[in-house]
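Shown here: protein-v8.tsv, TSV, C-alpha atoms.
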```
chain	number	residue	atom	x	y	z
I	11	MET	CA	0.00	0.00	0.00
I	12	THR	CA	1.40	3.41	-0.91
I	13	ASP	CA	2.21	5.80	1.91
I	14	LEU	CA	-0.47	8.20	0.64
I	15	SER	CA	-3.18	5.57	0.68
I	16	ARG	CA	-2.15	4.37	4.13
I	17	ALA	CA	-2.14	7.95	5.40
I	18	HIS	CA	-5.70	8.50	4.20
I	19	ILE	CA	-6.90	5.25	5.74
I	20	GLU	CA	-5.15	5.98	9.02
I	21	ALA	CA	-6.68	9.45	9.09
I	22	PHE	CA	-10.10	7.93	8.46
I	23	LEU	CA	-9.61	5.42	11.30
I	24	GLU	CA	-8.49	8.18	13.65
I	25	MET	CA	-11.62	10.16	12.81
I	26	MET	CA	-13.86	7.13	13.40
I	27	SER	CA	-12.22	6.57	16.77
I	28	ALA	CA	-12.10	10.17	17.99
I	29	GLU	CA	-15.35	11.56	16.58
I	30	ARG	CA	-17.58	8.51	16.26
I	31	GLY	CA	-16.23	6.51	19.20
I	32	ALA	CA	-15.90	3.37	17.05
I	33	ALA	CA	-14.88	0.25	18.97
I	34	GLY	CA	-11.52	-1.43	18.44
I	35	ASN	CA	-13.07	-4.39	16.62
I	36	THR	CA	-14.94	-2.03	14.28
I	37	LEU	CA	-11.76	-0.10	13.48
I	38	ALA	CA	-9.82	-3.31	12.84
I	39	SER	CA	-12.61	-4.52	10.54
I	40	TYR	CA	-12.60	-1.23	8.57
I	41	GLU	CA	-8.82	-1.40	8.20
I	42	ARG	CA	-8.88	-5.00	6.93
I	43	ASP	CA	-11.66	-4.22	4.46
I	44	LEU	CA	-9.96	-1.14	3.05
I	45	GLU	CA	-6.60	-2.86	2.76
I	46	ASP	CA	-8.28	-5.71	0.89
I	47	LEU	CA	-9.84	-3.16	-1.48
I	48	HIS	CA	-6.42	-1.60	-2.08
I	49	ALA	CA	-4.88	-5.03	-2.77
I	50	PHE	CA	-7.56	-5.67	-5.39
I	51	LEU	CA	-7.14	-2.27	-7.08
I	52	ALA	CA	-3.32	-2.09	-7.09
I	53	PRO	CA	-2.71	-4.55	-10.00
I	54	LYS	CA	-5.14	-2.47	-12.07
I	55	GLY	CA	-3.12	0.69	-11.46
I	56	LYS	CA	-5.76	2.12	-9.14
I	57	SER	CA	-5.93	3.01	-5.47
I	58	PRO	CA	-8.84	3.62	-3.09
I	59	LEU	CA	-8.30	7.36	-3.62
I	60	SER	CA	-8.57	7.19	-7.42
I	61	ALA	CA	-11.13	4.37	-7.78
I	62	GLU	CA	-14.35	5.06	-9.67
I	63	SER	CA	-17.80	3.57	-9.13
I	64	ALA	CA	-17.18	0.95	-11.83
I	65	ASP	CA	-13.98	-0.18	-10.09
I	66	LEU	CA	-15.79	-0.61	-6.81
I	67	SER	CA	-18.65	-2.47	-8.50
I	68	VAL	CA	-16.15	-4.89	-10.06
I	69	TYR	CA	-14.65	-5.39	-6.60
I	70	LEU	CA	-18.03	-6.32	-5.11
I	71	HIS	CA	-18.66	-8.78	-7.94
I	72	HIS	CA	-15.20	-10.22	-7.27
I	73	LEU	CA	-16.19	-10.82	-3.65
I	74	GLY	CA	-19.31	-12.64	-4.82
I	75	ARG	CA	-17.28	-14.89	-7.11
I	76	GLN	CA	-14.94	-15.61	-4.20
I	77	GLY	CA	-17.88	-16.99	-2.27
I	78	PHE	CA	-18.47	-14.08	0.12
I	79	ALA	CA	-22.02	-14.05	1.48
I	80	ALA	CA	-24.25	-11.08	0.66
I	81	SER	CA	-23.95	-9.96	4.29
I	82	SER	CA	-20.14	-9.92	4.05
I	83	GLN	CA	-20.28	-7.97	0.77
I	84	ALA	CA	-22.67	-5.48	2.37
I	85	ARG	CA	-20.25	-5.00	5.26
I	86	ARG	CA	-17.40	-4.25	2.84
I	87	LEU	CA	-19.62	-1.76	1.01
I	88	SER	CA	-20.51	-0.11	4.32
I	89	ALA	CA	-16.80	0.35	5.12
I	90	MET	CA	-16.24	1.87	1.67
I	91	ARG	CA	-19.20	4.23	2.06
I	92	GLN	CA	-17.84	5.53	5.36
I	93	PHE	CA	-14.35	5.95	3.90
I	94	TYR	CA	-15.48	7.85	0.80
I	95	LYS	CA	-17.77	10.10	2.82
I	96	PHE	CA	-14.70	10.98	4.87
I	97	LEU	CA	-12.61	11.69	1.76
I	98	TYR	CA	-15.37	13.89	0.35
I	99	ALA	CA	-15.80	15.79	3.63
I	100	GLU	CA	-12.06	16.39	3.82
I	101	GLY	CA	-11.92	17.69	0.25
I	102	LEU	CA	-9.73	14.80	-0.88
I	103	ARG	CA	-12.34	13.75	-3.46
I	104	GLY	CA	-14.97	15.75	-5.25
I	105	ASP	CA	-17.46	12.89	-5.37
I	106	ASP	CA	-18.58	9.75	-3.57
I	107	PRO	CA	-18.17	6.76	-5.91
I	108	THR	CA	-20.24	4.54	-3.60
I	109	ALA	CA	-23.36	6.70	-3.95
I	110	VAL	CA	-24.60	4.80	-7.02
I	111	LEU	CA	-23.73	1.32	-5.73
I	112	ASP	CA	-26.51	-0.97	-4.53
I	113	ALA	CA	-26.01	-3.21	-1.55
I	114	PRO	CA	-25.98	-6.93	-2.45
I	115	LYS	CA	-29.41	-8.43	-1.95
I	116	LYS	CA	-29.60	-10.76	1.00
I	117	GLY	CA	-31.69	-13.86	0.70
I	118	ARG	CA	-33.99	-14.02	3.68
I	119	ALA	CA	-33.13	-17.26	5.43
I	120	LEU	CA	-36.04	-19.23	6.77
I	121	PRO	CA	-35.81	-19.81	10.52
I	122	LYS	CA	-34.85	-23.24	11.73
I	123	THR	CA	-37.73	-24.96	13.41
I	124	MET	CA	-38.88	-28.30	14.77
I	125	SER	CA	-41.80	-30.49	13.86
I	126	GLU	CA	-44.65	-31.01	16.31
I	127	ASP	CA	-43.54	-34.63	16.65
I	128	GLU	CA	-40.01	-33.58	17.60
I	129	VAL	CA	-41.29	-31.18	20.25
I	130	THR	CA	-43.60	-33.89	21.60
I	131	ARG	CA	-40.69	-36.34	21.86
I	132	LEU	CA	-38.65	-33.77	23.79
I	133	LEU	CA	-41.46	-32.91	26.20
I	134	GLU	CA	-42.41	-36.54	26.78
I	135	LEU	CA	-38.83	-37.53	27.57
I	136	ALA	CA	-38.40	-34.52	29.87
I	137	GLY	CA	-41.62	-35.56	31.65
I	138	ARG	CA	-40.47	-39.15	32.12
I	139	GLU	CA	-37.08	-38.06	33.41
I	140	ALA	CA	-38.66	-35.52	35.79
I	141	ALA	CA	-40.83	-38.28	37.29
I	142	GLU	CA	-37.83	-40.45	38.17
I	143	PRO	CA	-36.64	-40.27	41.80
I	144	GLY	CA	-33.06	-39.35	42.58
I	145	PRO	CA	-30.81	-36.67	44.04
I	146	ASP	CA	-30.84	-34.54	40.89
I	147	ARG	CA	-34.61	-34.59	40.42
I	148	LEU	CA	-34.84	-30.83	40.97
I	149	SER	CA	-32.70	-30.16	37.88
I	150	ARG	CA	-34.88	-32.54	35.85
I	151	LEU	CA	-38.05	-30.83	37.06
I	152	ARG	CA	-36.42	-27.52	36.17
I	153	MET	CA	-35.74	-28.72	32.61
I	154	LEU	CA	-39.35	-29.82	32.21
I	155	ALA	CA	-40.60	-26.46	33.48
I	156	LEU	CA	-38.23	-24.58	31.17
I	157	LEU	CA	-39.36	-26.55	28.12
I	158	GLU	CA	-43.07	-26.37	28.90
I	159	LEU	CA	-42.87	-22.61	29.47
I	160	LEU	CA	-40.78	-22.03	26.37
I	161	TYR	CA	-43.07	-23.99	24.05
I	162	ALA	CA	-46.25	-22.63	25.65
I	163	THR	CA	-45.24	-18.98	25.36
I	164	GLY	CA	-42.51	-18.62	22.71
I	165	MET	CA	-40.49	-16.51	25.13
I	166	ARG	CA	-37.00	-15.36	24.27
I	167	VAL	CA	-34.53	-17.48	26.21
I	168	SER	CA	-33.29	-14.38	28.04
I	169	GLU	CA	-36.87	-13.70	29.19
I	170	LEU	CA	-37.35	-17.30	30.26
I	171	VAL	CA	-34.25	-17.81	32.40
I	172	SER	CA	-34.73	-14.43	34.13
I	173	LEU	CA	-38.32	-14.99	35.24
I	174	PRO	CA	-38.87	-13.83	38.85
I	175	VAL	CA	-39.82	-16.41	41.44
I	176	LYS	CA	-43.01	-14.45	42.20
I	177	VAL	CA	-44.62	-15.94	39.08
I	178	LEU	CA	-45.18	-19.05	41.21
I	179	ASP	CA	-47.64	-17.07	43.34
I	180	GLN	CA	-49.84	-15.96	40.46
I	181	GLU	CA	-53.15	-17.57	39.71
I	182	GLY	CA	-54.76	-18.09	36.34
I	183	ARG	CA	-53.53	-19.16	32.96
I	184	PHE	CA	-51.62	-16.05	31.94
I	185	LEU	CA	-48.05	-14.94	32.48
I	186	MET	CA	-46.74	-11.38	32.37
I	187	ILE	CA	-43.40	-11.19	30.56
I	188	ARG	CA	-41.04	-8.24	30.65
I	189	GLY	CA	-39.27	-8.18	27.28
I	190	LYS	CA	-37.07	-5.93	25.17
I	191	GLY	CA	-37.20	-2.25	26.00
I	192	ASN	CA	-38.78	-3.17	29.36
I	193	LYS	CA	-42.09	-3.72	27.54
I	194	GLU	CA	-44.58	-6.05	29.16
I	195	ARG	CA	-46.85	-8.50	27.40
I	196	LEU	CA	-49.39	-11.04	28.59
I	197	VAL	CA	-49.11	-14.62	27.27
I	198	PRO	CA	-51.34	-17.62	27.97
I	199	LEU	CA	-49.98	-20.75	29.64
I	200	SER	CA	-50.88	-24.31	28.76
I	201	ARG	CA	-52.18	-26.62	31.50
I	202	SER	CA	-49.04	-28.74	31.18
I	203	ALA	CA	-46.84	-25.65	31.62
I	204	ILE	CA	-48.76	-24.65	34.76
I	205	ALA	CA	-48.42	-28.19	36.15
I	206	ALA	CA	-44.69	-28.35	35.38
I	207	MET	CA	-44.09	-24.96	36.96
I	208	LYS	CA	-46.03	-25.98	40.07
I	209	SER	CA	-44.11	-29.25	40.48
I	210	TYR	CA	-40.80	-27.49	40.02
I	211	GLY	CA	-41.81	-24.72	42.46
I	212	GLU	CA	-42.72	-27.24	45.16
I	213	ALA	CA	-39.43	-29.12	44.70
I	214	ARG	CA	-37.51	-25.85	44.73
I	215	LYS	CA	-39.16	-24.81	48.00
I	216	ALA	CA	-38.49	-28.20	49.58
I	217	ALA	CA	-34.84	-28.03	48.58
I	218	LEU	CA	-34.47	-24.63	50.23
I	219	ALA	CA	-36.24	-25.85	53.37
I	220	GLY	CA	-33.89	-28.83	53.45
I	221	LYS	CA	-30.94	-26.47	53.61
I	222	GLY	CA	-32.48	-24.81	56.66
I	223	ASP	CA	-31.83	-21.36	55.24
I	224	ASP	CA	-34.74	-19.36	53.91
I	225	THR	CA	-32.88	-16.04	54.05
I	226	GLY	CA	-30.74	-16.81	51.07
I	227	ASP	CA	-33.63	-17.57	48.73
I	228	SER	CA	-33.13	-16.20	45.21
I	229	PRO	CA	-35.57	-13.73	43.62
I	230	TRP	CA	-35.28	-15.74	40.38
I	231	LEU	CA	-37.43	-18.70	39.38
I	232	PHE	CA	-34.37	-20.53	38.01
I	233	PRO	CA	-31.56	-19.46	40.36
I	234	SER	CA	-27.88	-19.99	39.73
I	235	ALA	CA	-24.60	-19.30	41.50
I	236	GLY	CA	-23.42	-17.25	38.51
I	237	LYS	CA	-22.97	-13.49	38.53
I	238	GLU	CA	-26.44	-12.81	37.08
I	239	GLY	CA	-28.08	-14.89	39.80
I	240	TYR	CA	-30.21	-16.87	37.36
I	241	LEU	CA	-29.64	-19.80	35.02
I	242	PRO	CA	-27.25	-18.82	32.20
I	243	ARG	CA	-28.69	-19.18	28.70
I	244	GLN	CA	-25.68	-21.24	27.67
I	245	VAL	CA	-26.32	-23.80	30.42
I	246	PHE	CA	-29.95	-24.20	29.37
I	247	ALA	CA	-28.91	-24.54	25.70
I	248	ARG	CA	-26.34	-27.20	26.63
I	249	ASP	CA	-28.81	-29.17	28.75
I	250	LEU	CA	-31.42	-28.93	25.97
I	251	LYS	CA	-29.00	-30.46	23.46
I	252	GLY	CA	-28.28	-33.25	25.94
I	253	LEU	CA	-32.00	-33.97	26.26
I	254	ALA	CA	-32.40	-33.87	22.47
I	255	ALA	CA	-29.59	-36.41	22.08
I	256	ARG	CA	-31.27	-38.75	24.56
I	257	ALA	CA	-34.52	-38.33	22.61
I	258	GLY	CA	-32.74	-39.40	19.41
I	259	LEU	CA	-33.01	-35.98	17.77
I	260	ARG	CA	-30.33	-34.14	15.76
I	261	THR	CA	-28.79	-31.86	18.36
I	262	ALA	CA	-27.24	-29.41	15.85
I	263	ALA	CA	-30.73	-28.32	14.80
I	264	ILE	CA	-32.13	-27.78	18.30
I	265	SER	CA	-31.73	-24.78	20.59
I	266	PRO	CA	-33.97	-22.59	22.78
I	267	HIS	CA	-34.31	-20.13	19.89
I	268	VAL	CA	-35.35	-22.91	17.51
I	269	MET	CA	-38.09	-23.87	19.98
I	270	ARG	CA	-39.27	-20.25	19.93
I	271	HIS	CA	-39.51	-20.55	16.15
I	272	ALA	CA	-41.37	-23.85	16.56
I	273	PHE	CA	-43.91	-22.15	18.85
I	274	ALA	CA	-44.63	-19.50	16.21
I	275	SER	CA	-44.65	-21.89	13.24
I	276	HIS	CA	-46.95	-24.39	14.92
I	277	LEU	CA	-49.42	-21.66	15.90
I	278	LEU	CA	-49.61	-20.46	12.30
I	279	GLN	CA	-49.89	-23.99	10.95
I	280	ASN	CA	-52.89	-24.50	13.18
I	281	GLY	CA	-54.71	-21.35	12.16
I	282	ALA	CA	-53.40	-18.51	14.35
I	283	ASP	CA	-53.39	-14.97	12.96
I	284	LEU	CA	-49.99	-13.39	12.19
I	285	ARG	CA	-50.84	-10.35	14.33
I	286	VAL	CA	-51.57	-12.58	17.32
I	287	VAL	CA	-48.24	-14.34	16.88
I	288	GLN	CA	-46.52	-10.96	16.66
I	289	GLU	CA	-48.03	-9.97	20.01
I	290	LEU	CA	-47.12	-13.26	21.68
I	291	LEU	CA	-43.52	-13.13	20.45
I	292	GLY	CA	-43.10	-9.53	21.58
I	293	HIS	CA	-42.16	-8.22	18.12
I	294	SER	CA	-42.60	-4.46	17.92
I	295	ASP	CA	-42.86	-4.58	14.11
I	296	ILE	CA	-44.96	-7.01	12.06
I	297	SER	CA	-42.15	-7.21	9.48
I	298	THR	CA	-40.09	-9.18	12.00
I	299	THR	CA	-42.87	-11.73	12.38
I	300	GLN	CA	-43.22	-12.03	8.62
I	301	ILE	CA	-40.28	-14.44	8.47
I	302	TYR	CA	-43.00	-16.99	9.20
I	303	THR	CA	-45.08	-16.14	6.14
I	304	HIS	CA	-43.72	-19.26	4.43
I	305	VAL	CA	-45.78	-21.22	6.96
I	306	LEU	CA	-48.89	-19.23	6.07
I	307	GLU	CA	-48.26	-19.68	2.35
I	308	GLU	CA	-47.98	-23.45	2.76
I	309	ARG	CA	-51.17	-23.56	4.83
I	310	LEU	CA	-53.05	-21.47	2.26
I	311	ARG	CA	-51.87	-23.75	-0.54
I	312	GLU	CA	-53.11	-26.80	1.37
I	313	LEU	CA	-56.45	-25.10	2.06
I	314	VAL	CA	-56.94	-24.30	-1.62
I	315	GLU	CA	-55.96	-27.81	-2.73
I	316	THR	CA	-58.28	-29.35	-0.15
I	317	HIS	CA	-61.34	-27.11	-0.40
I	318	HIS	CA	-61.40	-25.36	-3.78
I	319	PRO	CA	-64.05	-26.93	-6.08
I	320	LEU	CA	-61.69	-27.12	-9.08
I	321	ALA	CA	-59.01	-28.78	-6.97
I	322	LYS	CA	-61.55	-31.34	-5.75
I	323	GLN	CA	-62.63	-32.05	-9.34
I	324	ALA	CA	-59.01	-32.56	-10.44
I	325	LYS	CA	-58.43	-34.92	-7.50
I	326	ASN	CA	-61.55	-36.93	-8.39
I	327	ARG	CA	-60.39	-37.25	-12.02
I	328	ASP	CA	-57.05	-38.62	-10.81
```

Output the file's structure as structure tokens, nothing else.
Amino acid sequence: MTDLSRAHIEAFLEMMSAERGAAGNTLASYERDLEDLHAFLAPKGKSPLSAESADLSVYLHHLGRQGFAASSQARRLSAMRQFYKFLYAEGLRGDDPTAVLDAPKKGRALPKTMSEDEVTRLLELAGREAAEPGPDRLSRLRMLALLELLYATGMRVSELVSLPVKVLDQEGRFLMIRGKGNKERLVPLSRSAIAAMKSYGEARKAALAGKGDDTGDSPWLFPSAGKEGYLPRQVFARDLKGLAARAGLRTAAISPHVMRHAFASHLLQNGADLRVVQELLGHSDISTTQIYTHVLEERLRELVETHHPLAKQAKNRD
């Protein structure tokens, strides 16, 4: 890299650090991206300072041919946009060559989910294990309560593990969840979730009484000795994969977040409205919930094929 190019990049990084407060990882990422751009342009007799829009477009296509995902290409383009805005503001360029460039289109990945049969196998195994006597029965009852609550409500795992112990005192079939932005939402509980929570609560209380110390009781439903005071998400995810393995399921495809997706997908498959699912998941924007529209589309196709008169006639002819 020429001294002039390096000087411009270093000045840009200094500005991002001093004026924008960019984190060290962000600065390192910008530097790598801009150096890679320079390495691509140098054999063509160009530099980041002299590159035109066409040169940068060719660079993005080069990244695509190299197998970079659309998200990675978009990140490189973002770094270039910031850099050229800086050059323009400093009077080092009279234009911004990134202004006419379009970000690579990202394919919207469908969320991983589980079938109803897979969820049933998990819950049934958790129930059988929770019923077995033994010194670690409390942890098995805890796993059953965690799973029943997660599948009944579609809570985020962070919301689930940080539930307060006072939820054990509530009556009725609804649970108040405090989610992102401290927003509260009311979600219904299944009878099996209520029963699992009750059994776990009784075992939890008995365990505390057995220690002879009720002053050190935790304010969390799922307490832990960790710094947060409640069960770490990573521990729950690890234990869930262990349960999935014992149930004969593919552990790589199962996590607390996948079960949240399963909750939403199964509701839609069974006729729930998208707006209702949005409310239950705690999404502030319907566009976030629309990742599940593939489920709706499949259900609509099945409805048409099953109930439309022409579809029935075609089926009868077959």

Of the candidates I:Ser294, I:Thr108, I:Asn192, I:Ser125, which shows the shortest atom-to-atom distance to Arg86 in chain I, using all atoms listed in the file?
I:Thr108

List the neighbours of range 194-202 of chain I out to 12 Å using only C-alpha atoms; skip same-chain residues closer than 2 positions along the sequence, and give me the result as an MDAnalysis selection string.
chainID I and resid 133:134 137 154:165 169 177 180:192 204:209 286:294

Need the shell around Ala140 in chain I: protein/DNA/RNA residues with any atom at most 8 Å away, counting only C-alpha atoms. Skip same-chain ones fewer than 4 positions apart. Format as a PyMOL selection string?
chain I and resi 136+147-148+150-151+154

Need to verify the contact set: Leu132 in chain I, 8 Å, only C-alpha atoms, exclusion of same-chain residues closer than 4 positions in sequence. Can you return it as JSON, numbers by chain?
{"I": [128, 136, 253, 254, 257]}

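Proximity of I:Glu126, I:Asp249, I:Asp283, I:Asp227 to His271 in chain I, computed with only C-alpha atoms, is greatest for I:Glu126.
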
From the set I:Gly211, I:Met153, I:Ala17, I:Phe273, which residue has the shortest atom-to-atom contact distance to Gly252 in chain I, counting all atoms listed in the file?
I:Met153

For Leu277 in chain I, the nearest of the candidates I:Ser265, I:Met25, I:Tyr302, I:Gly34, counting all atoms listed in the file:
I:Tyr302

Applying 9 Å and all atoms listed in the file, which residues near range 230-236 of chain I remain after dropping the ones on its own chain fewer than 2 positions away? List them as a list in words.
Arg152, Leu156, Leu170, Val171, Ser172, Leu173, Pro174, Val175, Lys176, Val177, Leu178, Gly211, Arg214, Asp227, Ser228, Glu238, Gly239, Tyr240, Leu241 and Pro242 of chain I

Distance CA of Ala282 in chain I-CA of Arg270 in chain I, one decimal place?
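Computing it gives 15.3 Å between the two atoms.
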
Among listed residues I:Ala217, I:Phe78, I:Asp106, I:Leu23, nearest Arg91 in chain I (using all atoms listed in the file)
I:Asp106

Nearest residue to Thr123 in chain I out of I:His276, I:Lys215, I:Lys56, I:Arg243, using all atoms listed in the file?
I:His276

Since the input lacks some atoms of range 104-114 of chain I, please model all heavy atoms and print them as a PDB file, in the frame of the given file.
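Contents of part_34.pdb, as written:
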```pdb
ATOM      1  N   GLY I 104     -13.853  14.874  -4.932  1.00  0.00           N
ATOM      2  CA  GLY I 104     -14.970  15.750  -5.250  1.00  0.00           C
ATOM      3  C   GLY I 104     -16.273  15.012  -5.415  1.00  0.00           C
ATOM      4  O   GLY I 104     -17.303  15.623  -5.731  1.00  0.00           O
ATOM      5  N   ASP I 105     -16.241  13.690  -5.233  1.00  0.00           N
ATOM      6  CA  ASP I 105     -17.460  12.890  -5.370  1.00  0.00           C
ATOM      7  C   ASP I 105     -17.384  11.703  -4.431  1.00  0.00           C
ATOM      8  O   ASP I 105     -16.362  11.443  -3.798  1.00  0.00           O
ATOM      9  CB  ASP I 105     -17.600  12.400  -6.820  1.00  0.00           C
ATOM     10  CG  ASP I 105     -16.504  11.400  -7.194  1.00  0.00           C
ATOM     11  OD1 ASP I 105     -15.395  11.476  -6.593  1.00  0.00           O
ATOM     12  OD2 ASP I 105     -16.738  10.545  -8.056  1.00  0.00           O
ATOM     13  N   ASP I 106     -18.506  10.992  -4.353  1.00  0.00           N
ATOM     14  CA  ASP I 106     -18.580   9.750  -3.570  1.00  0.00           C
ATOM     15  C   ASP I 106     -18.906   8.619  -4.539  1.00  0.00           C
ATOM     16  O   ASP I 106     -20.057   8.476  -4.968  1.00  0.00           O
ATOM     17  CB  ASP I 106     -19.652   9.863  -2.496  1.00  0.00           C
ATOM     18  CG  ASP I 106     -19.813   8.567  -1.698  1.00  0.00           C
ATOM     19  OD1 ASP I 106     -19.079   7.599  -1.963  1.00  0.00           O
ATOM     20  OD2 ASP I 106     -20.685   8.529  -0.800  1.00  0.00           O
ATOM     21  N   PRO I 107     -17.920   7.811  -4.916  1.00  0.00           N
ATOM     22  CA  PRO I 107     -18.170   6.760  -5.910  1.00  0.00           C
ATOM     23  C   PRO I 107     -19.075   5.641  -5.415  1.00  0.00           C
ATOM     24  O   PRO I 107     -19.533   4.814  -6.211  1.00  0.00           O
ATOM     25  CB  PRO I 107     -16.756   6.228  -6.205  1.00  0.00           C
ATOM     26  CG  PRO I 107     -15.981   6.523  -4.967  1.00  0.00           C
ATOM     27  CD  PRO I 107     -16.532   7.816  -4.445  1.00  0.00           C
ATOM     28  N   THR I 108     -19.351   5.592  -4.109  1.00  0.00           N
ATOM     29  CA  THR I 108     -20.240   4.540  -3.600  1.00  0.00           C
ATOM     30  C   THR I 108     -21.709   4.932  -3.665  1.00  0.00           C
ATOM     31  O   THR I 108     -22.586   4.111  -3.412  1.00  0.00           O
ATOM     32  CB  THR I 108     -19.890   4.186  -2.138  1.00  0.00           C
ATOM     33  OG1 THR I 108     -20.162   5.328  -1.308  1.00  0.00           O
ATOM     34  CG2 THR I 108     -18.436   3.794  -1.996  1.00  0.00           C
ATOM     35  N   ALA I 109     -21.986   6.198  -3.997  1.00  0.00           N
ATOM     36  CA  ALA I 109     -23.360   6.700  -3.950  1.00  0.00           C
ATOM     37  C   ALA I 109     -24.282   5.949  -4.901  1.00  0.00           C
ATOM     38  O   ALA I 109     -25.480   5.803  -4.625  1.00  0.00           O
ATOM     39  CB  ALA I 109     -23.383   8.195  -4.265  1.00  0.00           C
ATOM     40  N   VAL I 110     -23.756   5.461  -6.013  1.00  0.00           N
ATOM     41  CA  VAL I 110     -24.600   4.800  -7.020  1.00  0.00           C
ATOM     42  C   VAL I 110     -24.570   3.282  -6.885  1.00  0.00           C
ATOM     43  O   VAL I 110     -25.187   2.567  -7.683  1.00  0.00           O
ATOM     44  CB  VAL I 110     -24.172   5.201  -8.449  1.00  0.00           C
ATOM     45  CG1 VAL I 110     -24.356   6.694  -8.664  1.00  0.00           C
ATOM     46  CG2 VAL I 110     -22.724   4.794  -8.724  1.00  0.00           C
ATOM     47  N   LEU I 111     -23.848   2.770  -5.899  1.00  0.00           N
ATOM     48  CA  LEU I 111     -23.730   1.320  -5.730  1.00  0.00           C
ATOM     49  C   LEU I 111     -24.877   0.798  -4.879  1.00  0.00           C
ATOM     50  O   LEU I 111     -25.242   1.396  -3.869  1.00  0.00           O
ATOM     51  CB  LEU I 111     -22.394   0.962  -5.075  1.00  0.00           C
ATOM     52  CG  LEU I 111     -21.123   1.326  -5.846  1.00  0.00           C
ATOM     53  CD1 LEU I 111     -19.893   0.908  -5.053  1.00  0.00           C
ATOM     54  CD2 LEU I 111     -21.110   0.679  -7.224  1.00  0.00           C
ATOM     55  N   ASP I 112     -25.444  -0.324  -5.288  1.00  0.00           N
ATOM     56  CA  ASP I 112     -26.510  -0.970  -4.530  1.00  0.00           C
ATOM     57  C   ASP I 112     -25.925  -2.052  -3.641  1.00  0.00           C
ATOM     58  O   ASP I 112     -25.002  -2.770  -4.040  1.00  0.00           O
ATOM     59  CB  ASP I 112     -27.544  -1.600  -5.459  1.00  0.00           C
ATOM     60  CG  ASP I 112     -28.307  -0.548  -6.259  1.00  0.00           C
ATOM     61  OD1 ASP I 112     -28.570   0.529  -5.693  1.00  0.00           O
ATOM     62  OD2 ASP I 112     -28.615  -0.816  -7.442  1.00  0.00           O
ATOM     63  N   ALA I 113     -26.459  -2.151  -2.459  1.00  0.00           N
ATOM     64  CA  ALA I 113     -26.010  -3.210  -1.550  1.00  0.00           C
ATOM     65  C   ALA I 113     -26.444  -4.565  -2.116  1.00  0.00           C
ATOM     66  O   ALA I 113     -27.536  -4.682  -2.686  1.00  0.00           O
ATOM     67  CB  ALA I 113     -26.604  -3.001  -0.166  1.00  0.00           C
ATOM     68  N   PRO I 114     -25.602  -5.588  -1.978  1.00  0.00           N
ATOM     69  CA  PRO I 114     -25.980  -6.930  -2.450  1.00  0.00           C
ATOM     70  C   PRO I 114     -27.266  -7.380  -1.760  1.00  0.00           C
ATOM     71  O   PRO I 114     -27.453  -7.140  -0.560  1.00  0.00           O
ATOM     72  CB  PRO I 114     -24.790  -7.802  -2.023  1.00  0.00           C
ATOM     73  CG  PRO I 114     -23.655  -6.842  -1.858  1.00  0.00           C
ATOM     74  CD  PRO I 114     -24.267  -5.562  -1.388  1.00  0.00           C
TER      75      PRO I 114
END
```
